[in-house]
file my_file33.pdb (PDB, C-alpha atoms)
MODEL        1
ATOM      1  CA  MET A   1       5.934  -8.587 -14.908
ATOM      2  CA  SER A   2       9.290  -9.949 -16.045
ATOM      3  CA  THR A   3      10.241 -13.357 -14.701
ATOM      4  CA  GLN A   4      13.261 -15.611 -14.583
ATOM      5  CA  ASN A   5      11.397 -18.835 -14.014
ATOM      6  CA  ILE A   6      12.997 -21.710 -12.187
ATOM      7  CA  GLU A   7      12.462 -25.150 -13.611
ATOM      8  CA  THR A   8       9.834 -26.611 -11.331
ATOM      9  CA  ASP A   9       6.587 -28.481 -11.570
ATOM     10  CA  LEU A  10       5.856 -27.777  -7.918
ATOM     11  CA  GLN A  11       2.552 -26.185  -7.062
ATOM     12  CA  VAL A  12       3.437 -23.432  -4.595
ATOM     13  CA  VAL A  13       1.016 -21.731  -2.213
ATOM     14  CA  CYS A  14       2.081 -18.669  -0.234
ATOM     15  CA  LEU A  15       0.088 -17.384   2.748
ATOM     16  CA  ALA A  16       0.600 -13.637   2.956
ATOM     17  CA  GLY A  17      -0.455 -10.377   4.514
ATOM     18  CA  GLY A  18       1.076  -6.939   4.919
ATOM     19  CA  VAL A  19       4.187  -5.486   3.326
ATOM     20  CA  GLY A  20       6.483  -8.437   4.071
ATOM     21  CA  GLY A  21       3.985 -10.832   2.575
ATOM     22  CA  ALA A  22       3.583  -8.671  -0.513
ATOM     23  CA  LYS A  23       7.333  -8.498  -1.056
ATOM     24  CA  LEU A  24       7.870 -12.245  -0.861
ATOM     25  CA  ALA A  25       4.812 -12.818  -3.061
ATOM     26  CA  HIS A  26       6.433 -10.534  -5.632
ATOM     27  CA  GLY A  27       9.712 -12.427  -5.335
ATOM     28  CA  LEU A  28       7.959 -15.744  -5.898
ATOM     29  CA  ALA A  29       6.050 -14.303  -8.853
ATOM     30  CA  GLN A  30       9.368 -13.359 -10.472
ATOM     31  CA  ILE A  31      10.733 -16.911 -10.445
ATOM     32  CA  ILE A  32       7.762 -19.315 -10.528
ATOM     33  CA  PRO A  33       5.566 -19.858 -13.595
ATOM     34  CA  PRO A  34       2.239 -18.145 -12.881
ATOM     35  CA  GLU A  35       0.253 -21.344 -13.317
ATOM     36  CA  ASN A  36       2.284 -22.871 -10.460
ATOM     37  CA  LEU A  37       1.815 -20.090  -7.896
ATOM     38  CA  THR A  38      -1.132 -19.168  -5.696
ATOM     39  CA  ILE A  39      -1.041 -16.339  -3.152
ATOM     40  CA  ILE A  40      -3.663 -16.630  -0.392
ATOM     41  CA  VAL A  41      -4.132 -13.297   1.371
ATOM     42  CA  ASN A  42      -5.497 -12.343   4.772
ATOM     43  CA  THR A  43      -8.854 -10.574   4.738
ATOM     44  CA  GLY A  44      -9.256 -10.339   8.514
ATOM     45  CA  ASP A  45      -8.334  -6.654   8.373
ATOM     46  CA  ASP A  46     -10.981  -5.833   5.748
ATOM     47  CA  PHE A  47     -13.572  -3.268   6.823
ATOM     48  CA  VAL A  48     -16.118  -0.795   5.507
ATOM     49  CA  HIS A  49     -14.970   2.833   5.344
ATOM     50  CA  CYS A  50     -16.940   5.687   3.789
ATOM     51  CA  GLY A  51     -19.371   3.040   2.583
ATOM     52  CA  LEU A  52     -16.698   1.114   0.659
ATOM     53  CA  THR A  53     -15.233  -2.333   1.285
ATOM     54  CA  ILE A  54     -11.520  -1.818   1.979
ATOM     55  CA  CYS A  55      -9.144  -4.812   1.741
ATOM     56  CA  PRO A  56      -5.771  -3.466   2.926
ATOM     57  CA  ASP A  57      -3.692  -6.668   2.763
ATOM     58  CA  LEU A  58      -5.236  -7.847  -0.477
ATOM     59  CA  ASP A  59      -4.676  -4.443  -2.070
ATOM     60  CA  THR A  60      -1.067  -4.211  -0.852
ATOM     61  CA  VAL A  61      -0.272  -7.568  -2.453
ATOM     62  CA  LEU A  62      -2.151  -6.643  -5.630
ATOM     63  CA  TYR A  63      -0.433  -3.261  -5.960
ATOM     64  CA  THR A  64       2.957  -4.888  -5.402
ATOM     65  CA  LEU A  65       2.409  -7.628  -7.986
ATOM     66  CA  ALA A  66       1.111  -5.039 -10.476
ATOM     67  CA  ALA A  67       4.112  -2.713  -9.907
ATOM     68  CA  LYS A  68       1.799   0.023  -8.638
ATOM     69  CA  ALA A  69       2.778   0.026  -4.937
ATOM     70  CA  ASN A  70       4.236   3.012  -3.118
ATOM     71  CA  SER A  71       7.692   1.715  -2.242
ATOM     72  CA  VAL A  72       8.277   4.491   0.306
ATOM     73  CA  THR A  73       5.250   3.887   2.535
ATOM     74  CA  GLY A  74       4.876   0.176   1.771
ATOM     75  CA  TRP A  75       1.131   0.678   1.305
ATOM     76  CA  GLY A  76      -1.079   2.493  -1.184
ATOM     77  CA  ARG A  77      -0.403   3.532  -4.779
ATOM     78  CA  VAL A  78       2.645   5.180  -6.259
ATOM     79  CA  ASP A  79       2.105   8.756  -7.539
ATOM     80  CA  GLU A  80      -0.990   9.051  -5.357
ATOM     81  CA  SER A  81      -2.989  12.234  -4.732
ATOM     82  CA  TRP A  82      -5.368  13.028  -1.886
ATOM     83  CA  GLN A  83      -8.009  15.502  -3.005
ATOM     84  CA  ALA A  84     -11.013  13.281  -2.310
ATOM     85  CA  MET A  85      -9.906  12.617   1.258
ATOM     86  CA  SER A  86      -9.194  16.302   1.731
ATOM     87  CA  ALA A  87     -12.815  16.961   0.833
ATOM     88  CA  VAL A  88     -13.961  14.277   3.284
ATOM     89  CA  ARG A  89     -11.941  16.013   6.007
ATOM     90  CA  GLU A  90     -13.348  19.419   5.054
ATOM     91  CA  LEU A  91     -16.889  18.032   5.349
ATOM     92  CA  GLY A  92     -16.265  16.477   8.757
ATOM     93  CA  GLY A  93     -16.235  12.912   7.445
ATOM     94  CA  PRO A  94     -14.153   9.967   8.772
ATOM     95  CA  ASP A  95     -10.611  10.829   7.727
ATOM     96  CA  TRP A  96      -8.591   8.685  10.153
ATOM     97  CA  PHE A  97      -8.013   6.065   7.440
ATOM     98  CA  ASN A  98      -6.485   7.784   4.442
ATOM     99  CA  LEU A  99      -7.642   6.733   0.983
ATOM    100  CA  GLY A 100      -5.814   8.169  -2.010
ATOM    101  CA  ASP A 101      -7.608   9.183  -5.185
ATOM    102  CA  LEU A 102      -6.141   6.309  -7.239
ATOM    103  CA  ASP A 103      -6.807   3.920  -4.379
ATOM    104  CA  LEU A 104     -10.427   5.064  -4.322
ATOM    105  CA  GLY A 105     -10.725   4.071  -7.960
ATOM    106  CA  LEU A 106     -10.056   0.468  -6.974
ATOM    107  CA  HIS A 107     -12.440   0.604  -4.006
ATOM    108  CA  LEU A 108     -15.216   2.089  -6.123
ATOM    109  CA  THR A 109     -14.738  -0.599  -8.762
ATOM    110  CA  ARG A 110     -14.769  -3.308  -6.104
ATOM    111  CA  ALA A 111     -17.934  -1.855  -4.536
ATOM    112  CA  HIS A 112     -19.617  -1.768  -7.944
ATOM    113  CA  LEU A 113     -18.780  -5.409  -8.716
ATOM    114  CA  LEU A 114     -19.676  -6.628  -5.226
ATOM    115  CA  GLY A 115     -22.963  -4.743  -5.584
ATOM    116  CA  GLN A 116     -23.655  -6.746  -8.736
ATOM    117  CA  GLY A 117     -23.404  -9.927  -6.686
ATOM    118  CA  GLN A 118     -19.851 -10.951  -7.558
ATOM    119  CA  THR A 119     -17.772 -12.585  -4.831
ATOM    120  CA  LEU A 120     -14.578 -11.025  -3.513
ATOM    121  CA  THR A 121     -12.686 -13.871  -5.199
ATOM    122  CA  HIS A 122     -14.182 -13.037  -8.581
ATOM    123  CA  VAL A 123     -13.658  -9.317  -8.097
ATOM    124  CA  THR A 124      -9.992  -9.928  -7.238
ATOM    125  CA  ARG A 125      -9.574 -12.040 -10.378
ATOM    126  CA  HIS A 126     -11.071  -9.202 -12.436
ATOM    127  CA  LEU A 127      -8.681  -6.659 -10.944
ATOM    128  CA  CYS A 128      -5.704  -8.953 -11.575
ATOM    129  CA  GLN A 129      -6.756  -9.402 -15.206
ATOM    130  CA  GLN A 130      -7.076  -5.653 -15.699
ATOM    131  CA  TRP A 131      -3.517  -5.110 -14.491
ATOM    132  CA  GLY A 132      -1.879  -8.142 -16.068
ATOM    133  CA  VAL A 133      -1.219 -10.032 -12.821
ATOM    134  CA  ASP A 134      -0.964 -13.644 -13.998
ATOM    135  CA  VAL A 135      -0.470 -15.490 -10.706
ATOM    136  CA  THR A 136      -3.549 -16.650  -8.829
ATOM    137  CA  LEU A 137      -4.353 -14.170  -6.054
ATOM    138  CA  LEU A 138      -7.038 -15.345  -3.639
ATOM    139  CA  PRO A 139      -8.708 -13.729  -0.629
ATOM    140  CA  MET A 140      -8.918 -16.270   2.191
ATOM    141  CA  CYS A 141     -12.691 -15.740   2.544
ATOM    142  CA  ASP A 142     -15.490 -14.255   0.473
ATOM    143  CA  ALA A 143     -17.596 -13.396   3.533
ATOM    144  CA  PRO A 144     -16.347 -10.921   6.160
ATOM    145  CA  ALA A 145     -14.137 -12.497   8.843
ATOM    146  CA  PRO A 146     -13.059  -9.502  10.935
ATOM    147  CA  THR A 147     -10.133  -9.618  13.337
ATOM    148  CA  THR A 148     -10.760  -7.925  16.695
ATOM    149  CA  ILE A 149      -8.129  -6.690  19.137
ATOM    150  CA  ILE A 150      -8.950  -7.035  22.845
ATOM    151  CA  SER A 151      -7.132  -4.868  25.390
ATOM    152  CA  PRO A 152      -6.583  -5.696  29.086
ATOM    153  CA  ASP A 153      -9.593  -3.547  30.048
ATOM    154  CA  GLU A 154     -11.611  -5.754  27.628
ATOM    155  CA  HIS A 155     -12.108  -2.964  25.114
ATOM    156  CA  ARG A 156     -12.691  -4.525  21.684
ATOM    157  CA  TYR A 157     -11.047  -2.672  18.813
ATOM    158  CA  PRO A 158     -11.955  -3.434  15.212
ATOM    159  CA  PHE A 159      -8.554  -4.227  13.756
ATOM    160  CA  GLN A 160      -8.072  -1.130  11.618
ATOM    161  CA  GLU A 161      -9.101   1.168  14.451
ATOM    162  CA  TRP A 162      -6.392  -0.377  16.638
ATOM    163  CA  PHE A 163      -3.823  -0.526  13.855
ATOM    164  CA  VAL A 164      -4.355   2.821  12.117
ATOM    165  CA  LYS A 165      -6.511   5.071  14.301
ATOM    166  CA  GLU A 166      -4.735   4.106  17.541
ATOM    167  CA  LYS A 167      -1.377   3.504  15.784
ATOM    168  CA  TRP A 168      -1.268  -0.017  17.347
ATOM    169  CA  GLN A 169      -0.363   1.460  20.718
ATOM    170  CA  PRO A 170      -3.022  -0.050  23.037
ATOM    171  CA  VAL A 171      -1.734  -3.128  24.832
ATOM    172  CA  VAL A 172      -3.137  -6.370  23.435
ATOM    173  CA  GLN A 173      -4.490  -9.077  25.720
ATOM    174  CA  ALA A 174      -5.952 -11.229  22.930
ATOM    175  CA  VAL A 175      -6.580 -11.331  19.208
ATOM    176  CA  HIS A 176     -10.094 -12.573  18.503
ATOM    177  CA  LEU A 177     -10.786 -14.391  15.238
ATOM    178  CA  PRO A 178     -14.368 -15.263  14.257
ATOM    179  CA  ASP A 179     -15.620 -18.847  14.566
ATOM    180  CA  THR A 180     -17.577 -18.408  11.350
ATOM    181  CA  ALA A 181     -14.608 -17.841   9.007
ATOM    182  CA  ARG A 182     -14.725 -20.245   6.060
ATOM    183  CA  ALA A 183     -12.112 -20.592   3.347
ATOM    184  CA  THR A 184     -13.329 -20.290  -0.213
ATOM    185  CA  PRO A 185     -13.526 -23.368  -2.455
ATOM    186  CA  GLN A 186     -10.670 -21.874  -4.498
ATOM    187  CA  VAL A 187      -8.460 -21.619  -1.389
ATOM    188  CA  MET A 188      -9.211 -25.200  -0.376
ATOM    189  CA  GLN A 189      -8.497 -26.477  -3.880
ATOM    190  CA  ALA A 190      -5.182 -24.594  -4.050
ATOM    191  CA  ILE A 191      -4.042 -26.045  -0.722
ATOM    192  CA  GLU A 192      -5.202 -29.551  -1.651
ATOM    193  CA  ASN A 193      -3.265 -29.413  -4.934
ATOM    194  CA  SER A 194      -0.129 -27.826  -3.487
ATOM    195  CA  ASP A 195       3.282 -29.407  -3.076
ATOM    196  CA  VAL A 196       4.733 -26.539  -1.067
ATOM    197  CA  ILE A 197       3.222 -24.031   1.357
ATOM    198  CA  ILE A 198       5.197 -20.948   2.372
ATOM    199  CA  PHE A 199       4.301 -18.704   5.288
ATOM    200  CA  ALA A 200       5.513 -15.268   4.175
ATOM    201  CA  PRO A 201       7.296 -12.989   6.674
ATOM    202  CA  SER A 202       3.951 -11.638   7.835
ATOM    203  CA  ASN A 203       2.575 -10.949  11.305
ATOM    204  CA  PRO A 204       1.806 -14.367  12.887
ATOM    205  CA  PHE A 205      -1.254 -13.163  14.792
ATOM    206  CA  VAL A 206      -3.052 -10.707  12.519
ATOM    207  CA  SER A 207      -1.895 -11.757   9.033
ATOM    208  CA  LEU A 208      -1.272 -15.521   9.092
ATOM    209  CA  ASP A 209      -3.516 -16.736  11.924
ATOM    210  CA  PRO A 210      -6.664 -15.340  10.268
ATOM    211  CA  ILE A 211      -5.890 -17.439   7.161
ATOM    212  CA  LEU A 212      -5.191 -20.536   9.250
ATOM    213  CA  ASN A 213      -8.385 -19.874  11.202
ATOM    214  CA  ALA A 214     -10.515 -19.955   8.051
ATOM    215  CA  TYR A 215     -11.935 -23.455   8.230
ATOM    216  CA  PRO A 216     -10.530 -25.922   7.178
ATOM    217  CA  VAL A 217      -7.146 -24.360   6.276
ATOM    218  CA  ARG A 218      -5.232 -25.321   9.431
ATOM    219  CA  SER A 219      -6.429 -28.917   9.432
ATOM    220  CA  MET A 220      -5.682 -29.271   5.716
ATOM    221  CA  ILE A 221      -2.129 -28.019   6.183
ATOM    222  CA  THR A 222      -1.693 -30.363   9.153
ATOM    223  CA  ASP A 223      -3.112 -33.432   7.414
ATOM    224  CA  LEU A 224      -1.873 -33.126   3.830
ATOM    225  CA  PRO A 225       1.699 -34.112   2.882
ATOM    226  CA  GLN A 226       2.974 -30.781   1.533
ATOM    227  CA  ALA A 227       6.270 -29.328   2.713
ATOM    228  CA  VAL A 228       5.561 -26.251   4.842
ATOM    229  CA  VAL A 229       8.138 -23.563   5.596
ATOM    230  CA  ALA A 230       7.888 -20.165   7.265
ATOM    231  CA  VAL A 231      10.040 -17.069   6.815
ATOM    232  CA  SER A 232      10.573 -15.069   9.992
ATOM    233  CA  PRO A 233       9.222 -11.505  10.125
ATOM    234  CA  ILE A 234      11.454 -10.859  13.160
ATOM    235  CA  ILE A 235      15.143  -9.939  12.885
ATOM    236  CA  SER A 236      17.288  -9.307  15.979
ATOM    237  CA  GLY A 237      14.177  -9.231  18.130
ATOM    238  CA  GLU A 238      12.450  -6.537  16.071
ATOM    239  CA  ALA A 239       9.810  -6.594  13.362
ATOM    240  CA  VAL A 240      10.992  -5.399   9.975
ATOM    241  CA  LYS A 241       7.741  -3.426   9.834
ATOM    242  CA  GLY A 242       4.637  -3.257  12.013
ATOM    243  CA  PRO A 243       3.601  -4.628  15.419
ATOM    244  CA  ALA A 244       4.706  -8.284  15.221
ATOM    245  CA  ALA A 245       7.380  -7.953  17.928
ATOM    246  CA  LYS A 246       5.020  -6.010  20.197
ATOM    247  CA  LEU A 247       2.314  -8.651  19.805
ATOM    248  CA  LEU A 248       4.741 -11.500  20.486
ATOM    249  CA  GLN A 249       5.725  -9.870  23.766
ATOM    250  CA  GLU A 250       2.235  -8.901  24.877
ATOM    251  CA  LEU A 251       0.761 -12.302  24.039
ATOM    252  CA  GLY A 252       3.425 -14.135  26.038
ATOM    253  CA  HIS A 253       5.870 -15.301  23.384
ATOM    254  CA  GLU A 254       9.571 -14.717  22.882
ATOM    255  CA  SER A 255      10.066 -11.734  20.584
ATOM    256  CA  SER A 256      12.500 -13.426  18.218
ATOM    257  CA  ALA A 257      12.671 -15.597  15.151
ATOM    258  CA  ALA A 258      12.710 -18.560  17.539
ATOM    259  CA  GLY A 259       9.469 -17.317  19.089
ATOM    260  CA  VAL A 260       7.831 -17.302  15.653
ATOM    261  CA  ALA A 261       9.153 -20.777  14.812
ATOM    262  CA  ARG A 262       7.950 -22.137  18.132
ATOM    263  CA  TYR A 263       4.516 -20.584  17.618
ATOM    264  CA  PHE A 264       4.038 -22.374  14.269
ATOM    265  CA  ASP A 265       6.139 -25.434  15.110
ATOM    266  CA  ASP A 266       3.338 -28.005  14.799
ATOM    267  CA  LEU A 267       2.697 -26.900  11.200
ATOM    268  CA  LEU A 268       6.254 -26.519   9.910
ATOM    269  CA  ASP A 269       8.729 -28.735   8.091
ATOM    270  CA  GLY A 270      11.341 -25.980   7.889
ATOM    271  CA  PHE A 271      12.073 -22.419   8.991
ATOM    272  CA  VAL A 272      13.958 -19.501   7.435
ATOM    273  CA  TYR A 273      15.607 -16.824   9.578
ATOM    274  CA  ASP A 274      17.898 -13.874   8.986
ATOM    275  CA  VAL A 275      21.676 -13.942   8.929
ATOM    276  CA  GLN A 276      21.724 -11.151  11.543
ATOM    277  CA  ASP A 277      20.584 -13.783  14.047
ATOM    278  CA  ALA A 278      23.196 -16.342  12.999
ATOM    279  CA  ASP A 279      25.443 -15.915  16.055
ATOM    280  CA  SER A 280      22.766 -14.947  18.558
ATOM    281  CA  PRO A 281      20.881 -16.792  21.294
ATOM    282  CA  THR A 282      18.023 -16.969  18.794
ATOM    283  CA  ALA A 283      20.054 -19.371  16.639
ATOM    284  CA  VAL A 284      20.697 -21.576  19.662
ATOM    285  CA  SER A 285      16.980 -21.585  20.495
ATOM    286  CA  LEU A 286      16.132 -22.499  16.909
ATOM    287  CA  THR A 287      18.464 -25.505  16.899
ATOM    288  CA  GLN A 288      16.617 -26.848  19.938
ATOM    289  CA  LEU A 289      13.404 -27.137  17.907
ATOM    290  CA  ASP A 290      14.719 -30.019  15.793
ATOM    291  CA  LEU A 291      13.473 -28.211  12.679
ATOM    292  CA  PRO A 292      15.407 -27.899   9.395
ATOM    293  CA  LEU A 293      16.709 -24.347   9.163
ATOM    294  CA  LEU A 294      17.849 -21.912   6.496
ATOM    295  CA  CYS A 295      19.852 -18.884   7.637
ATOM    296  CA  THR A 296      20.070 -16.219   4.950
ATOM    297  CA  ASP A 297      19.576 -12.532   4.212
ATOM    298  CA  THR A 298      15.792 -12.088   4.480
ATOM    299  CA  MET A 299      15.744  -8.314   3.970
ATOM    300  CA  MET A 300      13.951  -7.439   0.725
ATOM    301  CA  LEU A 301      15.053  -3.913  -0.094
ATOM    302  CA  THR A 302      14.949  -4.319  -3.877
ATOM    303  CA  SER A 303      13.103  -6.368  -6.460
ATOM    304  CA  SER A 304      16.260  -8.440  -6.925
ATOM    305  CA  ASP A 305      16.390  -9.108  -3.184
ATOM    306  CA  ARG A 306      12.847 -10.441  -3.344
ATOM    307  CA  ALA A 307      13.646 -12.807  -6.216
ATOM    308  CA  ARG A 308      16.856 -14.002  -4.536
ATOM    309  CA  LEU A 309      15.110 -14.785  -1.265
ATOM    310  CA  ALA A 310      12.247 -16.490  -3.087
ATOM    311  CA  ARG A 311      14.710 -18.690  -4.979
ATOM    312  CA  GLU A 312      16.538 -19.609  -1.767
ATOM    313  CA  VAL A 313      13.275 -20.469  -0.033
ATOM    314  CA  ILE A 314      12.147 -22.640  -2.950
ATOM    315  CA  ASP A 315      15.519 -24.428  -3.043
ATOM    316  CA  PHE A 316      15.276 -25.000   0.711
ATOM    317  CA  VAL A 317      11.748 -26.345   0.680
ATOM    318  CA  THR A 318      12.537 -28.535  -2.331
ATOM    319  CA  SER A 319      15.306 -30.153  -0.295
ATOM    320  CA  LEU A 320      12.694 -31.142   2.302
ATOM    321  CA  LEU A 321      10.454 -33.022  -0.138
TER     322      LEU A 321
ENDMDL
END
call {"tool": "encode", "arguments": {"input": "my_file33.pdb", "output": "structure tokens"}}
result
Amino acid sequence: MSTQNIETDLQVVCLAGGVGGAKLAHGLAQIIPPENLTIIVNTGDDFVHCGLTICPDLDTVLYTLAAKANSVTGWGRVDESWQAMSAVRELGGPDWFNLGDLDLGLHLTRAHLLGQGQTLTHVTRHLCQQWGVDVTLLPMCDAPAPTTIISPDEHRYPFQEWFVKEKWQPVVQAVHLPDTARATPQVMQAIENSDVIIFAPSNPFVSLDPILNAYPVRSMITDLPQAVVAVSPIISGEAVKGPAAKLLQELGHESSAAGVARYFDDLLDGFVYDVQDADSPTAVSLTQLDLPLLCTDTMMLTSSDRARLAREVIDFVTSLL
């Protein structure tokens, strides 16, 4: 991965999940020396499918950092094929979650290494080494910590069934996160040693909250003196991708950048929102939070966009130190 490193001794931690998180992680990886950057990724959407441990957020970030991501779909591998899943469908197997042939290669390797007793953290390090990803990429937990979606009729959906099988259409009454989630020692050490923590433009409820819920991440971020900033995943009241706006509405929050800032307000030292909201009621709401703000173009359509936004975020958070 080519980089244009900024001159910084800051230790930067980015909490990420989903496509938005992967894009900002890639932007940060382009400008920050790899030894100064740690990406902590949500594993609340991990699940077992066809007997294999699938880590959708972790894999999306890994594929993006390794320049192997499908830029059209935002998930999966570029130049993918689907013969294995076609055979699963032909045999009446579970085909609602599509796994490409190249993608299966990763899942099979992960299953093999996990079966040998390696932790998810160590397996992820191995995969990064194989693909030349130099930044530190960490799953939030080594043990399963599944996110569950609860509907108004109290039906409990495993996250991927709600998100993929049901196309995130059922109304959400609550997002349940397990009480047993524990951050890995590597995650705790990265947070303890950090100068800056960035919340990527990821879904607050199903990408970032699971990381914060992994004990003791939230309390560490609250108690330690790092500068913490978040980048809004909401622009003009809509999510750039995925169900963030829908979840904000259904869980009783304002579906706007201001709603996201207010949700995380007790953790934040600064907030980044999109220029499309500059002259909107959202901007007025944000100024009422008494929180340092950066208004900029947060859309990351190209690799250069990602690096530009990452640089602006780093400059902003540095000004808060």
call {"tool": "residues_around", "arguments": {"input": "my_file33.pdb", "residues": "Pro34 in chain A", "least_positions_apart": "3", "cutoff": "6 Å", "atoms": "only C-alpha atoms", "output": "PyMOL selection string"}}
result
chain A and resi 37+134-135
call {"tool": "resolve_selection", "arguments": {"input": "my_file33.pdb", "expression": "the PyMOL selection byres ((chain A and resi 56) around 8)", "output": "ChimeraX atom specification"}}
result
/A:18,43,45-46,54-55,57-60
call {"tool": "resolve_selection", "arguments": {"input": "my_file33.pdb", "expression": "the PyMOL selection byres ((chain A and resi 159) around 9)", "output": "MDAnalysis selection string"}}
result
chainID A and resid 44:47 146:149 156:158 160:164 206
call {"tool": "resolve_selection", "arguments": {"input": "my_file33.pdb", "expression": "the PyMOL selection byres ((chain A and resi 38) around 6)", "output": "ChimeraX atom specification"}}
result
/A:13,37,39,136-137
call {"tool": "closest_residue", "arguments": {"input": "my_file33.pdb", "among": "A:Leu248, A:Cys50, A:Leu24, A:Leu208", "to": "Val88 in chain A", "atoms": "all atoms listed in the file"}}
result
A:Cys50
call {"tool": "residues_around", "arguments": {"input": "my_file33.pdb", "residues": "range 236-240 of chain A", "least_positions_apart": "4", "cutoff": "12 Å", "atoms": "all atoms listed in the file", "output": "number ranges by chain"}}
result
A: 18-21, 74, 201-204, 232, 244-249, 253-260, 273-283, 298-301
call {"tool": "write_last_selection", "arguments": {"input": "my_file33.pdb", "atoms": "C-alpha atoms", "output": "compact mmCIF listing (two decimals), in the frame of the given file"}}
result
# COMPACT_ATOMS: atom_id res chain seq x y z
CA GLY A 18 1.08 -6.94 4.92
CA VAL A 19 4.19 -5.49 3.33
CA GLY A 20 6.48 -8.44 4.07
CA GLY A 21 3.98 -10.83 2.58
CA GLY A 74 4.88 0.18 1.77
CA PRO A 201 7.30 -12.99 6.67
CA SER A 202 3.95 -11.64 7.84
CA ASN A 203 2.58 -10.95 11.30
CA PRO A 204 1.81 -14.37 12.89
CA SER A 232 10.57 -15.07 9.99
CA ALA A 244 4.71 -8.28 15.22
CA ALA A 245 7.38 -7.95 17.93
CA LYS A 246 5.02 -6.01 20.20
CA LEU A 247 2.31 -8.65 19.80
CA LEU A 248 4.74 -11.50 20.49
CA GLN A 249 5.72 -9.87 23.77
CA HIS A 253 5.87 -15.30 23.38
CA GLU A 254 9.57 -14.72 22.88
CA SER A 255 10.07 -11.73 20.58
CA SER A 256 12.50 -13.43 18.22
CA ALA A 257 12.67 -15.60 15.15
CA ALA A 258 12.71 -18.56 17.54
CA GLY A 259 9.47 -17.32 19.09
CA VAL A 260 7.83 -17.30 15.65
CA TYR A 273 15.61 -16.82 9.58
CA ASP A 274 17.90 -13.87 8.99
CA VAL A 275 21.68 -13.94 8.93
CA GLN A 276 21.72 -11.15 11.54
CA ASP A 277 20.58 -13.78 14.05
CA ALA A 278 23.20 -16.34 13.00
CA ASP A 279 25.44 -15.92 16.06
CA SER A 280 22.77 -14.95 18.56
CA PRO A 281 20.88 -16.79 21.29
CA THR A 282 18.02 -16.97 18.79
CA ALA A 283 20.05 -19.37 16.64
CA THR A 298 15.79 -12.09 4.48
CA MET A 299 15.74 -8.31 3.97
CA MET A 300 13.95 -7.44 0.72
CA LEU A 301 15.05 -3.91 -0.09
call {"tool": "atom_distance", "arguments": {"input": "my_file33.pdb", "atom1": "CA of Val217 in chain A", "atom2": "CA of Val187 in chain A"}}
result
8.2 Å
call {"tool": "closest_residue", "arguments": {"input": "my_file33.pdb", "among": "A:Asp290, A:Glu90, A:Asp305, A:Asp315", "to": "Val196 in chain A", "atoms": "all atoms listed in the file"}}
result
A:Asp315
call {"tool": "residues_around", "arguments": {"input": "my_file33.pdb", "residues": "range 103-112 of chain A", "least_positions_apart": "3", "cutoff": "8 Å", "atoms": "all atoms listed in the file", "output": "PDB file with C-alpha atoms, in the coordinates of the input"}}
result
ATOM      1  CA  LEU A  52     -16.698   1.114   0.659  1.00  0.00           C
ATOM      2  CA  THR A  53     -15.233  -2.333   1.285  1.00  0.00           C
ATOM      3  CA  ILE A  54     -11.520  -1.818   1.979  1.00  0.00           C
ATOM      4  CA  GLY A  76      -1.079   2.493  -1.184  1.00  0.00           C
ATOM      5  CA  ARG A  77      -0.403   3.532  -4.779  1.00  0.00           C
ATOM      6  CA  GLU A  80      -0.990   9.051  -5.357  1.00  0.00           C
ATOM      7  CA  LEU A  99      -7.642   6.733   0.983  1.00  0.00           C
ATOM      8  CA  GLY A 100      -5.814   8.169  -2.010  1.00  0.00           C
ATOM      9  CA  GLY A 115     -22.963  -4.743  -5.584  1.00  0.00           C
ATOM     10  CA  GLN A 116     -23.655  -6.746  -8.736  1.00  0.00           C
ATOM     11  CA  VAL A 123     -13.658  -9.317  -8.097  1.00  0.00           C
TER      12      VAL A 123
END
